[in-house]
file model10.cif (mmCIF, C-alpha atoms)
data_work
#
loop_
_atom_site.group_PDB
_atom_site.id
_atom_site.type_symbol
_atom_site.label_atom_id
_atom_site.label_comp_id
_atom_site.auth_asym_id
_atom_site.auth_seq_id
_atom_site.Cartn_x
_atom_site.Cartn_y
_atom_site.Cartn_z
ATOM 1 C CA MET A 20 120.599 96.951 129.917
ATOM 2 C CA LYS A 21 120.494 100.379 128.354
ATOM 3 C CA MET A 22 118.102 101.697 125.780
ATOM 4 C CA ALA A 23 119.739 101.863 122.370
ATOM 5 C CA ARG A 24 117.115 103.455 120.161
ATOM 6 C CA VAL A 25 113.455 104.237 119.548
ATOM 7 C CA ILE A 26 112.257 103.258 116.076
ATOM 8 C CA LEU A 27 109.666 105.400 114.327
ATOM 9 C CA PHE A 28 108.057 103.930 111.221
ATOM 10 C CA THR A 29 107.492 106.480 108.470
ATOM 11 C CA GLY A 30 106.312 106.818 104.907
ATOM 12 C CA GLN A 31 107.919 110.277 104.820
ATOM 13 C CA MET A 32 111.623 109.521 105.233
ATOM 14 C CA ASP A 33 112.869 112.831 103.831
ATOM 15 C CA ALA A 34 110.442 115.019 105.798
ATOM 16 C CA MET A 35 111.093 113.083 109.014
ATOM 17 C CA SER A 36 114.870 113.235 108.441
ATOM 18 C CA LYS A 37 114.666 116.992 107.933
ATOM 19 C CA PHE A 38 112.623 117.363 111.130
ATOM 20 C CA TYR A 39 114.967 115.342 113.353
ATOM 21 C CA GLY A 40 118.161 116.513 111.637
ATOM 22 C CA GLU A 41 117.610 120.120 110.623
ATOM 23 C CA VAL A 42 114.696 121.239 112.786
ATOM 24 C CA LEU A 43 115.655 119.514 116.041
ATOM 25 C CA GLY A 44 119.379 119.674 115.253
ATOM 26 C CA LEU A 45 120.192 115.998 115.919
ATOM 27 C CA LYS A 46 123.272 114.565 114.229
ATOM 28 C CA GLN A 47 122.480 111.938 111.594
ATOM 29 C CA VAL A 48 124.757 108.927 112.130
ATOM 30 C CA THR A 49 123.449 106.353 109.617
ATOM 31 C CA ASN A 50 121.945 106.576 106.150
ATOM 32 C CA GLU A 51 121.010 103.159 104.833
ATOM 33 C CA LYS A 52 118.226 102.235 102.449
ATOM 34 C CA GLY A 53 115.037 102.599 104.467
ATOM 35 C CA TRP A 54 116.913 103.349 107.707
ATOM 36 C CA ARG A 55 118.380 106.511 109.233
ATOM 37 C CA GLU A 56 119.533 107.090 112.804
ATOM 38 C CA PHE A 57 120.044 110.299 114.754
ATOM 39 C CA GLU A 58 122.033 110.776 117.980
ATOM 40 C CA ALA A 59 119.690 111.809 120.788
ATOM 41 C CA GLY A 60 121.742 111.855 123.960
ATOM 42 C CA GLY A 61 122.156 108.401 125.464
ATOM 43 C CA ALA A 62 120.032 106.722 122.789
ATOM 44 C CA ARG A 63 119.216 107.152 119.107
ATOM 45 C CA ILE A 64 116.059 107.896 117.164
ATOM 46 C CA ALA A 65 115.808 105.591 114.160
ATOM 47 C CA LEU A 66 113.561 106.180 111.171
ATOM 48 C CA HIS A 67 112.431 102.986 109.456
ATOM 49 C CA SER A 68 110.577 102.921 106.130
ATOM 50 C CA GLY A 69 107.078 101.636 106.609
ATOM 51 C CA PRO A 70 103.571 102.808 107.308
ATOM 52 C CA ALA A 71 103.304 105.236 110.186
ATOM 53 C CA SER A 72 100.466 104.595 112.602
ATOM 54 C CA PRO A 73 100.544 107.185 115.397
ATOM 55 C CA GLY A 74 97.906 106.479 117.992
ATOM 56 C CA ARG A 75 97.482 102.850 116.883
ATOM 57 C CA LYS A 76 101.005 101.476 117.135
ATOM 58 C CA GLY A 77 103.579 103.013 119.426
ATOM 59 C CA PRO A 78 107.270 103.375 118.707
ATOM 60 C CA LYS A 79 109.462 100.325 119.191
ATOM 61 C CA ILE A 80 111.871 100.588 122.128
ATOM 62 C CA VAL A 81 115.141 98.828 121.378
ATOM 63 C CA PHE A 82 117.617 97.647 124.011
ATOM 64 C CA HIS A 83 121.220 96.907 123.118
ATOM 65 C CA ALA A 84 122.572 93.453 123.962
ATOM 66 C CA GLU A 85 126.021 92.182 123.038
ATOM 67 C CA ASP A 86 124.673 88.607 122.911
ATOM 68 C CA VAL A 87 121.031 88.764 121.815
ATOM 69 C CA PRO A 88 120.217 85.029 122.173
ATOM 70 C CA ALA A 89 121.700 84.891 125.681
ATOM 71 C CA MET A 90 119.860 88.051 126.793
ATOM 72 C CA ARG A 91 116.639 86.703 125.279
ATOM 73 C CA GLU A 92 116.960 83.496 127.301
ATOM 74 C CA LYS A 93 117.673 85.447 130.481
ATOM 75 C CA LEU A 94 114.627 87.695 130.002
ATOM 76 C CA VAL A 95 112.308 84.860 128.970
ATOM 77 C CA GLY A 96 113.403 83.114 132.156
ATOM 78 C CA ARG A 97 112.138 86.158 134.054
ATOM 79 C CA GLY A 98 108.747 85.958 132.311
ATOM 80 C CA ALA A 99 109.261 88.232 129.291
ATOM 81 C CA LYS A 100 107.579 87.401 125.987
ATOM 82 C CA PHE A 101 110.055 87.314 123.079
ATOM 83 C CA GLY A 102 110.108 85.533 119.751
ATOM 84 C CA GLU A 103 113.187 83.754 118.454
ATOM 85 C CA ALA A 104 116.452 85.643 117.881
ATOM 86 C CA ARG A 105 117.121 86.304 114.193
ATOM 87 C CA GLN A 106 120.681 86.602 112.912
ATOM 88 C CA GLY A 107 121.065 88.706 109.771
ATOM 89 C CA ASP A 108 124.136 89.505 107.695
ATOM 90 C CA VAL A 109 124.948 92.582 109.795
ATOM 91 C CA PHE A 110 123.110 92.277 113.107
ATOM 92 C CA CYS A 111 121.056 90.022 115.364
ATOM 93 C CA LEU A 112 117.681 91.002 116.793
ATOM 94 C CA CYS A 113 114.746 89.622 118.712
ATOM 95 C CA ASP A 114 111.252 91.101 118.973
ATOM 96 C CA GLY A 115 108.983 90.978 121.979
ATOM 97 C CA LYS A 116 106.157 92.819 123.681
ATOM 98 C CA ASP A 117 105.675 94.383 127.077
ATOM 99 C CA PRO A 118 102.609 93.444 129.153
ATOM 100 C CA ASP A 119 100.489 96.106 127.398
ATOM 101 C CA GLY A 120 101.541 94.817 123.980
ATOM 102 C CA ASN A 121 103.993 97.603 123.155
ATOM 103 C CA PRO A 122 106.803 96.404 120.871
ATOM 104 C CA VAL A 123 110.279 96.003 122.362
ATOM 105 C CA GLN A 124 113.392 94.616 120.718
ATOM 106 C CA LEU A 125 116.834 93.310 121.629
ATOM 107 C CA SER A 126 119.540 94.140 119.082
ATOM 108 C CA ASP A 127 123.305 93.948 118.845
ATOM 109 C CA ARG A 128 123.277 96.812 116.334
#
call {"tool": "encode", "arguments": {"input": "model10.cif", "output": "structure tokens"}}
result
Amino acid sequence: MKMARVILFTGQMDAMSKFYGEVLGLKQVTNEKGWREFEAGGARIALHSGPASPGRKGPKIVFHAEDVPAMREKLVGRGAKFGEARQGDVFCLCDGKDPDGNPVQLSDR
């Protein structure tokens, strides 16, 4: 697997977008309601509308999987903790946690 993106939750979408886009110089590649992504080398930094909680809740590390349900089953078989895969209109995802409780996600997006 390869890391696809790190999601940062923010209540300051415009300020965060300016920081990652203009200040750091990353190319913005999506602009959806409540969601913006920036190219950051081999992965992306995604900004997601929601309460930020630095120091209490870490960023979510997202791994790309062509077939989320199949990858979920494979990883659960190895001892990973994941909830059920959820298919939306545009993409499929599945949330889990690492042994320390940090959020991880599988996504075909």
call {"tool": "residues_around", "arguments": {"input": "model10.cif", "residues": "Leu45 of chain A", "least_positions_apart": "4", "cutoff": "7 Å", "atoms": "only C-alpha atoms", "output": "list in words"}}
result
Tyr39, Gly40, Phe57, Glu58 and Ala59 of chain A
call {"tool": "atom_distance", "arguments": {"input": "model10.cif", "atom1": "atom CA of Pro122 of chain A", "atom2": "atom CA of Ser68 of chain A"}}
result
16.6 Å
call {"tool": "axis_aligned_box", "arguments": {"input": "model10.cif", "around": "segment 86-92 of chain A", "padding_each_side": "4 Å", "output": "AutoDock Vina command-line options"}}
result
--center_x 120.7 --center_y 86.1 --center_z 124.6 --size_x 16.0 --size_y 13.3 --size_z 13.5
call {"tool": "resolve_selection", "arguments": {"input": "model10.cif", "expression": "the PyMOL selection byres ((chain A and resi 103-110) around 8)", "output": "number ranges by chain"}}
result
A: 87-88, 91, 101-102, 111-114, 126-128
call {"tool": "residues_around", "arguments": {"input": "model10.cif", "residues": "Ser36 of chain A", "least_positions_apart": "2", "cutoff": "9 Å", "atoms": "all atoms listed in the file", "output": "PyMOL selection string"}}
result
chain A and resi 31-34+38-41+47+55-57+66
call {"tool": "write_last_selection", "arguments": {"input": "model10.cif", "atoms": "C-alpha atoms", "output": "CSV table (one decimal), in the frame of the given file"}}
result
chain,number,residue,atom,x,y,z
A,31,GLN,CA,107.9,110.3,104.8
A,32,MET,CA,111.6,109.5,105.2
A,33,ASP,CA,112.9,112.8,103.8
A,34,ALA,CA,110.4,115.0,105.8
A,38,PHE,CA,112.6,117.4,111.1
A,39,TYR,CA,115.0,115.3,113.4
A,40,GLY,CA,118.2,116.5,111.6
A,41,GLU,CA,117.6,120.1,110.6
A,47,GLN,CA,122.5,111.9,111.6
A,55,ARG,CA,118.4,106.5,109.2
A,56,GLU,CA,119.5,107.1,112.8
A,57,PHE,CA,120.0,110.3,114.8
A,66,LEU,CA,113.6,106.2,111.2
call {"tool": "resolve_selection", "arguments": {"input": "model10.cif", "expression": "the PyMOL selection byres ((chain A and resi 63) around 9)", "output": "list in words"}}
result
Met22, Ala23, Arg24, Val25, Ile26, Glu56, Phe57, Glu58, Ala59, Gly60, Gly61, Ala62, Ile64 and Ala65 of chain A
call {"tool": "closest_residue", "arguments": {"input": "model10.cif", "among": "A:Lys37, A:Lys52, A:Arg97, A:Lys21", "to": "Leu125 of chain A", "atoms": "all atoms listed in the file"}}
result
A:Lys21
call {"tool": "atom_distance", "arguments": {"input": "model10.cif", "atom1": "atom CA of Phe28 of chain A", "atom2": "atom CA of Gly98 of chain A"}}
result
27.7 Å
call {"tool": "atom_distance", "arguments": {"input": "model10.cif", "atom1": "atom CA of Lys79 of chain A", "atom2": "atom CA of Gly30 of chain A"}}
result
16.0 Å
call {"tool": "closest_residue", "arguments": {"input": "model10.cif", "among": "A:Glu51, A:His83, A:Asp117, A:Gly74", "to": "Val95 of chain A", "atoms": "all atoms listed in the file"}}
result
A:Asp117
call {"tool": "closest_residue", "arguments": {"input": "model10.cif", "among": "A:Gly44, A:Gly77, A:Pro70, A:Gly115", "to": "Leu94 of chain A", "atoms": "all atoms listed in the file"}}
result
A:Gly115
call {"tool": "closest_residue", "arguments": {"input": "model10.cif", "among": "A:Lys116, A:Asn121, A:Met20, A:Thr29", "to": "Ser72 of chain A", "atoms": "all atoms listed in the file"}}
result
A:Thr29
